[in-house]
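Engineer: Here you go, start.txt (compact mmCIF, C-alpha atoms):
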```txt
# COMPACT_ATOMS: atom_id res chain seq x y z
CA MET A 1 -24.97 8.06 -16.24
CA ALA A 2 -24.35 6.45 -12.89
CA LYS A 3 -26.71 7.78 -10.25
CA SER A 4 -23.84 8.96 -8.08
CA LYS A 5 -22.73 11.33 -10.83
CA GLN A 6 -26.00 13.25 -10.80
CA TYR A 7 -24.84 15.00 -7.64
CA ASP A 8 -22.03 17.53 -7.56
CA ASN A 9 -19.21 16.77 -5.18
CA HIS A 10 -19.40 20.45 -4.36
CA LEU A 11 -17.07 20.38 -1.37
CA GLY A 12 -14.35 18.71 -3.44
CA ILE A 13 -11.15 18.02 -1.56
CA LEU A 14 -12.27 20.38 1.24
CA GLY A 15 -14.87 17.75 2.13
CA TRP A 16 -11.96 15.64 3.36
CA LEU A 17 -11.35 18.03 6.24
CA GLY A 18 -14.44 17.20 8.24
CA GLY A 19 -16.17 14.00 9.28
CA GLY A 20 -19.66 15.49 9.59
CA ARG A 21 -21.91 13.29 11.69
CA TRP A 22 -20.40 10.05 10.46
CA GLY A 23 -18.20 9.39 13.44
CA VAL A 24 -14.64 8.21 13.76
CA GLU A 25 -14.83 5.86 10.74
CA ARG A 26 -15.24 8.88 8.47
CA TYR A 27 -11.89 10.20 9.70
CA LEU A 28 -10.34 6.78 9.11
CA TYR A 29 -11.67 6.99 5.54
CA ILE A 30 -9.92 10.33 5.05
CA ILE A 31 -6.65 9.08 6.58
CA HIS A 32 -6.96 5.93 4.42
CA ARG A 33 -6.97 8.08 1.28
CA VAL A 34 -4.13 10.34 2.38
CA ALA A 35 -2.04 7.30 3.41
CA GLY A 36 -2.85 5.60 0.10
CA LEU A 37 -1.74 8.61 -1.94
CA GLY A 38 1.44 8.91 0.12
CA ILE A 39 2.30 5.24 -0.30
CA LEU A 40 1.62 5.45 -4.05
CA THR A 41 4.00 8.42 -4.37
CA PHE A 42 6.68 6.55 -2.44
CA PHE A 43 6.07 3.36 -4.41
CA MET A 44 6.62 4.95 -7.83
CA LEU A 45 9.99 6.29 -6.59
CA HIS A 46 10.72 2.95 -4.88
CA ILE A 47 10.54 1.09 -8.22
CA PHE A 48 13.46 3.18 -9.51
CA GLU A 49 15.39 3.36 -6.23
CA SER A 50 15.24 -0.41 -5.61
CA SER A 51 16.17 -1.11 -9.25
CA ILE A 52 19.61 0.41 -8.54
CA ARG A 53 20.58 -3.08 -7.26
CA ILE A 54 21.05 -4.29 -10.83
CA LEU A 55 23.86 -1.72 -11.29
CA GLY A 56 26.00 -3.56 -8.74
CA PRO A 57 27.15 -3.25 -5.11
CA GLU A 58 28.97 0.12 -5.42
CA SER A 59 25.89 1.92 -6.79
CA TRP A 60 23.63 0.09 -4.35
CA ASN A 61 25.68 0.88 -1.26
CA ALA A 62 26.08 4.53 -2.31
CA ALA A 63 22.30 4.86 -2.70
CA MET A 64 21.67 3.15 0.65
CA GLU A 65 24.11 5.52 2.40
CA THR A 66 22.05 8.48 1.13
CA LEU A 67 18.89 6.85 2.47
CA LYS A 68 20.38 6.54 5.95
CA THR A 69 20.26 10.31 6.54
CA PRO A 70 17.68 11.47 9.16
CA VAL A 71 15.26 12.95 6.63
CA PHE A 72 15.00 9.67 4.70
CA LYS A 73 14.82 7.67 7.95
CA PHE A 74 11.82 9.73 8.98
CA GLY A 75 10.31 9.26 5.52
CA GLU A 76 10.83 5.51 5.83
CA PHE A 77 8.97 5.57 9.16
CA LEU A 78 6.13 7.59 7.62
CA VAL A 79 5.79 5.00 4.86
CA PHE A 80 5.73 2.23 7.46
CA VAL A 81 3.06 4.04 9.51
CA GLY A 82 1.00 4.63 6.36
CA PHE A 83 1.35 0.98 5.39
CA ALA A 84 0.35 -0.32 8.85
CA PHE A 85 -2.73 1.88 8.96
CA HIS A 86 -3.81 1.37 5.35
CA ALA A 87 -3.33 -2.43 5.45
CA LEU A 88 -5.27 -3.06 8.67
CA ASN A 89 -7.99 -0.50 7.95
CA GLY A 90 -8.20 -1.96 4.44
CA ILE A 91 -8.84 -5.44 5.81
CA ARG A 92 -11.67 -3.97 7.91
CA LEU A 93 -13.13 -2.33 4.79
CA ILE A 94 -12.93 -5.56 2.80
CA LEU A 95 -14.65 -7.54 5.59
CA ILE A 96 -17.43 -4.94 5.66
CA GLU A 97 -17.61 -4.99 1.84
CA TRP A 98 -18.29 -8.74 2.11
CA GLY A 99 -21.04 -8.11 4.67
CA LEU A 100 -18.97 -9.45 7.56
CA ALA A 101 -18.66 -7.73 10.94
CA VAL A 102 -21.73 -5.56 10.37
CA GLY A 103 -24.33 -8.00 11.74
CA LYS A 104 -27.21 -9.63 9.93
CA ALA A 105 -29.77 -7.56 8.07
CA GLU A 106 -32.81 -7.04 10.25
CA GLU A 107 -36.18 -5.28 10.28
CA PRO A 108 -35.77 -1.57 10.92
CA VAL A 109 -37.61 -1.47 14.25
CA TYR A 110 -37.26 1.59 16.47
CA PRO A 111 -34.86 2.20 18.21
CA TYR A 112 -32.76 1.57 15.09
CA ARG A 113 -29.37 -0.04 15.41
CA SER A 114 -26.58 1.23 13.17
CA SER A 115 -24.27 -1.30 11.50
CA LEU A 116 -21.53 1.26 12.21
CA ASN A 117 -21.84 0.35 15.88
CA THR A 118 -21.78 -3.37 15.06
CA GLN A 119 -18.42 -3.09 13.30
CA ARG A 120 -16.86 -0.80 15.90
CA PRO A 121 -15.08 -3.54 17.93
CA LEU A 122 -13.39 -4.67 14.69
CA MET A 123 -12.32 -1.08 14.06
CA VAL A 124 -10.83 -0.84 17.55
CA ILE A 125 -9.00 -4.18 17.17
CA MET A 126 -7.56 -3.13 13.80
CA MET A 127 -6.38 0.24 15.11
CA VAL A 128 -4.75 -1.36 18.16
CA LEU A 129 -2.96 -3.86 15.88
CA ALA A 130 -1.89 -0.97 13.60
CA ALA A 131 -0.52 0.94 16.61
CA ILE A 132 1.48 -2.10 17.80
CA LEU A 133 2.87 -2.58 14.29
CA MET A 134 3.79 1.12 14.05
CA ALA A 135 5.60 0.96 17.39
CA ALA A 136 7.52 -2.16 16.31
CA GLY A 137 8.42 -0.55 12.98
CA GLY A 138 9.50 2.71 14.63
CA TYR A 139 11.67 0.84 17.13
CA ASN A 140 13.28 -1.11 14.31
CA ILE A 141 13.80 1.86 11.97
CA PHE A 142 15.09 4.42 14.51
CA LEU A 143 16.82 2.30 17.14
CA LEU A 144 18.12 -0.73 15.27
CA GLY A 145 18.69 0.12 11.73
CA MET B 1 -13.28 -3.21 -18.46
CA LYS B 2 -16.52 -2.81 -16.53
CA GLU B 3 -16.42 -0.73 -13.34
CA THR B 4 -17.51 -3.77 -11.29
CA ALA B 5 -14.56 -5.73 -12.71
CA TYR B 6 -12.15 -2.86 -11.93
CA TRP B 7 -13.50 -2.87 -8.36
CA SER B 8 -13.23 -6.66 -7.90
CA TRP B 9 -9.61 -6.67 -9.10
CA PHE B 10 -8.91 -3.75 -6.75
CA ILE B 11 -10.11 -5.87 -3.78
CA ILE B 12 -8.18 -8.94 -5.01
CA ALA B 13 -5.02 -6.84 -5.43
CA GLY B 14 -5.53 -5.49 -1.90
CA ILE B 15 -5.68 -9.00 -0.43
CA VAL B 16 -2.63 -10.11 -2.44
CA MET B 17 -0.76 -7.06 -1.13
CA PHE B 18 -1.79 -7.74 2.46
CA VAL B 19 0.09 -11.04 2.20
CA LEU B 20 3.05 -10.11 -0.02
CA LEU B 21 3.57 -6.54 1.20
CA GLY B 22 3.13 -7.79 4.76
CA LEU B 23 5.98 -10.24 4.11
CA HIS B 24 8.06 -7.51 2.41
CA MET B 25 7.63 -5.14 5.38
CA ALA B 26 8.44 -7.93 7.85
CA VAL B 27 11.59 -8.82 5.90
CA MET B 28 12.75 -5.22 5.48
CA HIS B 29 11.58 -3.42 8.61
CA LEU B 30 11.18 -5.91 11.45
CA THR B 31 14.75 -7.23 11.36
CA GLY B 32 15.10 -6.66 15.11
CA PHE B 33 12.26 -9.11 15.78
CA LEU B 34 12.53 -11.58 12.89
CA GLN B 35 15.45 -12.36 10.61
CA LEU B 36 13.41 -13.54 7.63
CA PHE B 37 15.25 -14.14 4.35
CA ASN B 38 18.32 -12.23 5.51
CA PRO B 39 20.90 -15.05 5.59
CA ALA B 40 23.85 -12.68 6.14
CA GLY B 41 22.09 -11.17 9.14
CA GLY B 42 22.23 -7.48 10.02
CA GLU B 43 20.41 -5.04 7.80
CA ALA B 44 17.95 -6.29 5.18
CA ILE B 45 19.54 -3.88 2.67
CA ALA B 46 23.03 -5.35 3.13
CA TRP B 47 24.31 -6.37 -0.33
CA GLU B 48 24.59 -10.10 0.51
CA ASN B 49 20.93 -10.17 1.64
CA VAL B 50 19.80 -8.23 -1.44
CA VAL B 51 21.64 -10.67 -3.72
CA TYR B 52 20.21 -13.68 -1.86
CA ARG B 53 16.63 -12.47 -2.36
CA GLY B 54 17.32 -11.26 -5.91
CA ARG B 55 18.58 -14.71 -6.98
CA ASN B 56 15.77 -16.58 -5.20
CA MET B 57 12.98 -17.65 -7.59
CA PHE B 58 10.32 -17.20 -4.89
CA PHE B 59 11.25 -13.52 -4.59
CA THR B 60 11.51 -12.99 -8.35
CA VAL B 61 7.96 -14.28 -8.82
CA THR B 62 6.43 -12.59 -5.77
CA TYR B 63 8.17 -9.25 -6.45
CA ILE B 64 6.61 -9.20 -9.92
CA ILE B 65 3.15 -10.17 -8.57
CA LEU B 66 3.47 -7.54 -5.81
CA LEU B 67 4.61 -4.93 -8.35
CA GLY B 68 1.57 -5.56 -10.55
CA ALA B 69 -0.88 -5.72 -7.64
CA ALA B 70 0.50 -2.54 -6.04
CA LEU B 71 0.47 -0.55 -9.29
CA TYR B 72 -3.08 -1.67 -10.07
CA HIS B 73 -4.37 -1.04 -6.54
CA GLY B 74 -2.62 2.34 -6.25
CA PHE B 75 -3.65 3.63 -9.66
CA TYR B 76 -7.25 2.46 -9.25
CA GLY B 77 -7.38 4.28 -5.91
CA LEU B 78 -5.92 7.45 -7.45
CA ARG B 79 -8.38 7.17 -10.34
CA THR B 80 -11.33 6.86 -7.95
CA ILE B 81 -10.26 10.00 -6.07
CA LEU B 82 -9.73 12.01 -9.27
CA PHE B 83 -13.09 10.86 -10.70
CA GLU B 84 -14.81 11.82 -7.48
CA LEU B 85 -13.29 15.30 -7.55
CA GLY B 86 -15.26 16.06 -10.70
CA LEU B 87 -13.81 14.54 -13.89
CA LYS B 88 -16.42 13.88 -16.56
CA GLY B 89 -16.81 11.83 -19.73
CA GLN B 90 -13.81 12.16 -22.03
CA ALA B 91 -11.53 13.30 -19.19
CA GLU B 92 -12.32 10.09 -17.29
CA ARG B 93 -11.56 7.94 -20.33
CA SER B 94 -8.30 9.79 -21.06
CA LEU B 95 -7.16 9.46 -17.43
CA THR B 96 -7.91 5.72 -17.48
CA VAL B 97 -5.80 5.27 -20.63
CA LEU B 98 -2.99 7.42 -19.20
CA LEU B 99 -2.88 5.43 -15.95
CA TRP B 100 -2.80 2.14 -17.86
CA ILE B 101 0.14 3.38 -19.98
CA VAL B 102 2.15 4.73 -17.01
CA GLY B 103 1.33 1.60 -15.00
CA ILE B 104 2.47 -0.77 -17.74
CA ILE B 105 5.72 1.20 -18.24
CA LEU B 106 6.49 1.08 -14.49
CA PHE B 107 5.56 -2.62 -14.43
CA CYS B 108 8.03 -3.30 -17.26
CA ILE B 109 10.83 -1.38 -15.49
CA GLY B 110 10.26 -3.22 -12.20
CA THR B 111 9.91 -6.61 -13.88
CA TYR B 112 13.15 -6.04 -15.80
CA ALA B 113 14.95 -5.25 -12.53
CA ALA B 114 13.49 -8.31 -10.79
CA ILE B 115 14.66 -10.58 -13.63
CA ALA B 116 18.06 -8.88 -14.02
CA ALA B 117 18.62 -9.26 -10.24
CA ARG B 118 18.65 -13.04 -10.69
CA SER B 119 22.23 -12.84 -11.99
CA LEU B 120 23.63 -10.62 -9.22
CA GLN B 121 26.80 -11.80 -7.48
CA THR B 122 27.98 -11.33 -3.93
CA VAL B 123 31.37 -9.66 -3.62
CA LEU B 124 34.09 -12.08 -2.54
```
Represent the structure of the file as structure tokens.

Structural biologist:
Amino acid sequence: MAKSKQYDNHLGILGWLGGGRWGVERYLYIIHRVAGLGILTFFMLHIFESSIRILGPESWNAAMETLKTPVFKFGEFLVFVGFAFHALNGIRLILIEWGLAVGKAEEPVYPYRSSLNTQRPLMVIMMVLAAILMAAGGYNIFLLG
Amino acid sequence: MKETAYWSWFIIAGIVMFVLLGLHMAVMHLTGFLQLFNPAGGEAIAWENVVYRGRNMFFTVTYIILLGAALYHGFYGLRTILFELGLKGQAERSLTVLLWIVGIILFCIGTYAAIAARSLQTVL
């Protein structure tokens, strides 16, 4: 049995509500999961909805008219926001997974330095980029189309 | 498949999606800033634009790759969360099989649509 399975995840999904002492990245981790689940739900519907194009222009245009109502417009924006966050935070996670952006391994000499602090500028850059992308997407979805 | 292999493919699918889904979002949702692959202009969902992309071999191939990568990445992520919430032994194996079956069915539906869209016609 994998070592991680020897411990009960006793908080279960409630453990998602708090970040404990792990700082802002822990909240990004929670939002990453929620955004991922939301995008997955949308995506499974999107496979069917976008497949309507093979039924021809009448069916397609009728479906697209339905999706132009305010509720669906807002949903479209939510998906875009989820995508922007998940994609840019995901790149940060992959860079850290590869050992990048967390600094070189060093002797643990007091006062200890946390690799969380080393990656923080990358986190800030990614969140600023995500915010710019969200603003551009929102402008496009609500004001242009 | 070993868990390390599942994980590596999850990362690879994520990188593939960053490129292809990034392009998809730019084409569909940043039309006010870029008019990428929308030859008729206007909305990306306008029928003429949909037909143009549907008939284009680049989009047929990349839609199918994106479909597979997104299903794999999404279902692996869902599986990780469900495992973490306390599934054990046989339940984990059954869930893995179930997700593979649902994923392959959805992949077949999407792939069929991507191939069928190659013969779409614009209305004259």

Engineer: Can you build me a table of chain A residues sitting at most 9 Å from chain B, with the closest atom pair per residue and its distance in Å to one decimal, using only C-alpha atoms, sorted by chain and residue number, as JSON lines?

Structural biologist:
```
{"residue": "A:Lys5", "atom": "CA", "partner": "B:Glu84", "partner_atom": "CA", "distance": 8.6}
{"residue": "A:Asp8", "atom": "CA", "partner": "B:Gly86", "partner_atom": "CA", "distance": 7.6}
{"residue": "A:Asn9", "atom": "CA", "partner": "B:Leu85", "partner_atom": "CA", "distance": 6.5}
{"residue": "A:His10", "atom": "CA", "partner": "B:Leu85", "partner_atom": "CA", "distance": 8.6}
{"residue": "A:Leu11", "atom": "CA", "partner": "B:Leu85", "partner_atom": "CA", "distance": 8.8}
{"residue": "A:Gly12", "atom": "CA", "partner": "B:Leu85", "partner_atom": "CA", "distance": 5.4}
{"residue": "A:Ile13", "atom": "CA", "partner": "B:Leu85", "partner_atom": "CA", "distance": 6.9}
{"residue": "A:Arg33", "atom": "CA", "partner": "B:Gly77", "partner_atom": "CA", "distance": 8.1}
{"residue": "A:Gly36", "atom": "CA", "partner": "B:Gly74", "partner_atom": "CA", "distance": 7.1}
{"residue": "A:Leu37", "atom": "CA", "partner": "B:Leu78", "partner_atom": "CA", "distance": 7.0}
{"residue": "A:Ile39", "atom": "CA", "partner": "B:Gly74", "partner_atom": "CA", "distance": 8.2}
{"residue": "A:Leu40", "atom": "CA", "partner": "B:Gly74", "partner_atom": "CA", "distance": 5.7}
{"residue": "A:Phe43", "atom": "CA", "partner": "B:Ala70", "partner_atom": "CA", "distance": 8.3}
{"residue": "A:Met44", "atom": "CA", "partner": "B:Leu106", "partner_atom": "CA", "distance": 7.7}
{"residue": "A:Ile47", "atom": "CA", "partner": "B:Gly110", "partner_atom": "CA", "distance": 5.9}
{"residue": "A:Phe48", "atom": "CA", "partner": "B:Gly110", "partner_atom": "CA", "distance": 7.6}
{"residue": "A:Ser50", "atom": "CA", "partner": "B:Ala113", "partner_atom": "CA", "distance": 8.4}
{"residue": "A:Ser51", "atom": "CA", "partner": "B:Ala113", "partner_atom": "CA", "distance": 5.4}
{"residue": "A:Ile52", "atom": "CA", "partner": "B:Ala113", "partner_atom": "CA", "distance": 8.3}
{"residue": "A:Arg53", "atom": "CA", "partner": "B:Ala117", "partner_atom": "CA", "distance": 7.1}
{"residue": "A:Ile54", "atom": "CA", "partner": "B:Ala117", "partner_atom": "CA", "distance": 5.6}
{"residue": "A:Gly56", "atom": "CA", "partner": "B:Leu120", "partner_atom": "CA", "distance": 7.5}
{"residue": "A:Pro57", "atom": "CA", "partner": "B:Trp47", "partner_atom": "CA", "distance": 6.4}
{"residue": "A:Trp60", "atom": "CA", "partner": "B:Trp47", "partner_atom": "CA", "distance": 7.6}
{"residue": "A:Asn61", "atom": "CA", "partner": "B:Trp47", "partner_atom": "CA", "distance": 7.4}
{"residue": "A:Met64", "atom": "CA", "partner": "B:Ile45", "partner_atom": "CA", "distance": 7.6}
{"residue": "A:Phe80", "atom": "CA", "partner": "B:Met25", "partner_atom": "CA", "distance": 7.9}
{"residue": "A:Phe83", "atom": "CA", "partner": "B:Met25", "partner_atom": "CA", "distance": 8.8}
{"residue": "A:Ala84", "atom": "CA", "partner": "B:Gly22", "partner_atom": "CA", "distance": 9.0}
{"residue": "A:Ala87", "atom": "CA", "partner": "B:Phe18", "partner_atom": "CA", "distance": 6.3}
{"residue": "A:Leu88", "atom": "CA", "partner": "B:Phe18", "partner_atom": "CA", "distance": 8.5}
{"residue": "A:Gly90", "atom": "CA", "partner": "B:Gly14", "partner_atom": "CA", "distance": 7.7}
{"residue": "A:Ile91", "atom": "CA", "partner": "B:Ile15", "partner_atom": "CA", "distance": 7.8}
{"residue": "A:Ile94", "atom": "CA", "partner": "B:Ile11", "partner_atom": "CA", "distance": 7.2}
{"residue": "A:Ala136", "atom": "CA", "partner": "B:Leu30", "partner_atom": "CA", "distance": 7.1}
{"residue": "A:Gly137", "atom": "CA", "partner": "B:His29", "partner_atom": "CA", "distance": 6.1}
{"residue": "A:Gly138", "atom": "CA", "partner": "B:His29", "partner_atom": "CA", "distance": 8.8}
{"residue": "A:Tyr139", "atom": "CA", "partner": "B:Gly32", "partner_atom": "CA", "distance": 8.5}
{"residue": "A:Asn140", "atom": "CA", "partner": "B:Gly32", "partner_atom": "CA", "distance": 5.9}
{"residue": "A:Ile141", "atom": "CA", "partner": "B:His29", "partner_atom": "CA", "distance": 6.6}
{"residue": "A:Leu144", "atom": "CA", "partner": "B:Gly32", "partner_atom": "CA", "distance": 6.7}
{"residue": "A:Gly145", "atom": "CA", "partner": "B:Glu43", "partner_atom": "CA", "distance": 6.7}
```

Engineer: What does the structure give for the distance between CA of Leu99 (chain B) and CA of His46 (chain A), in Å to one decimal?

Structural biologist: 17.7 Å

Engineer: When you draw a straight line from CA of Ala5 (chain B) to CA of His32 (chain A), how long is it in Å?

Structural biologist: 22.1 Å

Engineer: By how many Å are CA of Leu45 (chain A) and CA of Thr66 (chain A) apart?

Structural biologist: 14.5 Å

Engineer: Between B:Ile101, B:Ala13, B:Ile64, B:Asn49, which one has atoms that come closest to Val27 (chain B), using all atoms listed in the file?

Structural biologist: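 Of B:Ile101, B:Ala13, B:Ile64, B:Asn49, the one nearest Val27 (chain B), counting all atoms listed in the file, is B:Asn49.
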
Engineer: Mind working out the centre and edge lengths of an axis-aligned box for region 5-14 of chain B, all listed atoms inside, 4 Å added to each side, rounded to one decimal in Å and written as JSON?

Structural biologist:
```
{"center_x": -9.8, "center_y": -5.9, "center_z": -7.3, "size_x": 17.5, "size_y": 14.1, "size_z": 18.8}
```

Engineer: Could you complete region 46-60 of chain B so that it carries N, CA and C atoms, and give it back as an mmCIF file, keeping the file's coordinate frame?

Structural biologist:
```
data_model
loop_
_atom_site.group_PDB
_atom_site.id
_atom_site.type_symbol
_atom_site.label_atom_id
_atom_site.label_comp_id
_atom_site.auth_asym_id
_atom_site.auth_seq_id
_atom_site.Cartn_x
_atom_site.Cartn_y
_atom_site.Cartn_z
ATOM 1 N N ALA B 46 21.626 -4.966 3.345
ATOM 2 C CA ALA B 46 23.030 -5.350 3.130
ATOM 3 C C ALA B 46 23.133 -6.113 1.802
ATOM 4 N N TRP B 47 24.201 -5.847 1.043
ATOM 5 C CA TRP B 47 24.310 -6.370 -0.330
ATOM 6 C C TRP B 47 24.110 -7.889 -0.393
ATOM 7 N N GLU B 48 24.708 -8.639 0.538
ATOM 8 C CA GLU B 48 24.590 -10.100 0.510
ATOM 9 C C GLU B 48 23.128 -10.542 0.620
ATOM 10 N N ASN B 49 22.350 -9.837 1.481
ATOM 11 C CA ASN B 49 20.930 -10.170 1.640
ATOM 12 C C ASN B 49 20.142 -9.817 0.382
ATOM 13 N N VAL B 50 20.482 -8.673 -0.215
ATOM 14 C CA VAL B 50 19.800 -8.230 -1.440
ATOM 15 C C VAL B 50 20.039 -9.243 -2.563
ATOM 16 N N VAL B 51 21.294 -9.698 -2.672
ATOM 17 C CA VAL B 51 21.640 -10.670 -3.720
ATOM 18 C C VAL B 51 20.921 -11.997 -3.465
ATOM 19 N N TYR B 52 20.880 -12.426 -2.192
ATOM 20 C CA TYR B 52 20.210 -13.680 -1.860
ATOM 21 C C TYR B 52 18.751 -13.650 -2.315
ATOM 22 N N ARG B 53 18.056 -12.566 -1.976
ATOM 23 C CA ARG B 53 16.630 -12.470 -2.360
ATOM 24 C C ARG B 53 16.491 -12.296 -3.868
ATOM 25 N N GLY B 54 17.391 -11.496 -4.463
ATOM 26 C CA GLY B 54 17.320 -11.260 -5.910
ATOM 27 C C GLY B 54 17.477 -12.544 -6.721
ATOM 28 N N ARG B 55 18.321 -13.466 -6.238
ATOM 29 C CA ARG B 55 18.580 -14.710 -6.980
ATOM 30 C C ARG B 55 17.552 -15.799 -6.673
ATOM 31 N N ASN B 56 16.732 -15.574 -5.640
ATOM 32 C CA ASN B 56 15.770 -16.580 -5.200
ATOM 33 C C ASN B 56 14.498 -16.508 -6.062
ATOM 34 N N MET B 57 14.121 -17.643 -6.678
ATOM 35 C CA MET B 57 12.980 -17.650 -7.590
ATOM 36 C C MET B 57 11.682 -17.221 -6.909
ATOM 37 N N PHE B 58 11.530 -17.594 -5.624
ATOM 38 C CA PHE B 58 10.320 -17.200 -4.890
ATOM 39 C C PHE B 58 10.180 -15.669 -4.885
ATOM 40 N N PHE B 59 11.323 -14.980 -4.638
ATOM 41 C CA PHE B 59 11.250 -13.520 -4.590
ATOM 42 C C PHE B 59 11.080 -12.912 -5.974
ATOM 43 N N THR B 60 11.701 -13.512 -6.995
ATOM 44 C CA THR B 60 11.510 -12.990 -8.350
ATOM 45 C C THR B 60 10.029 -12.994 -8.706
#
```
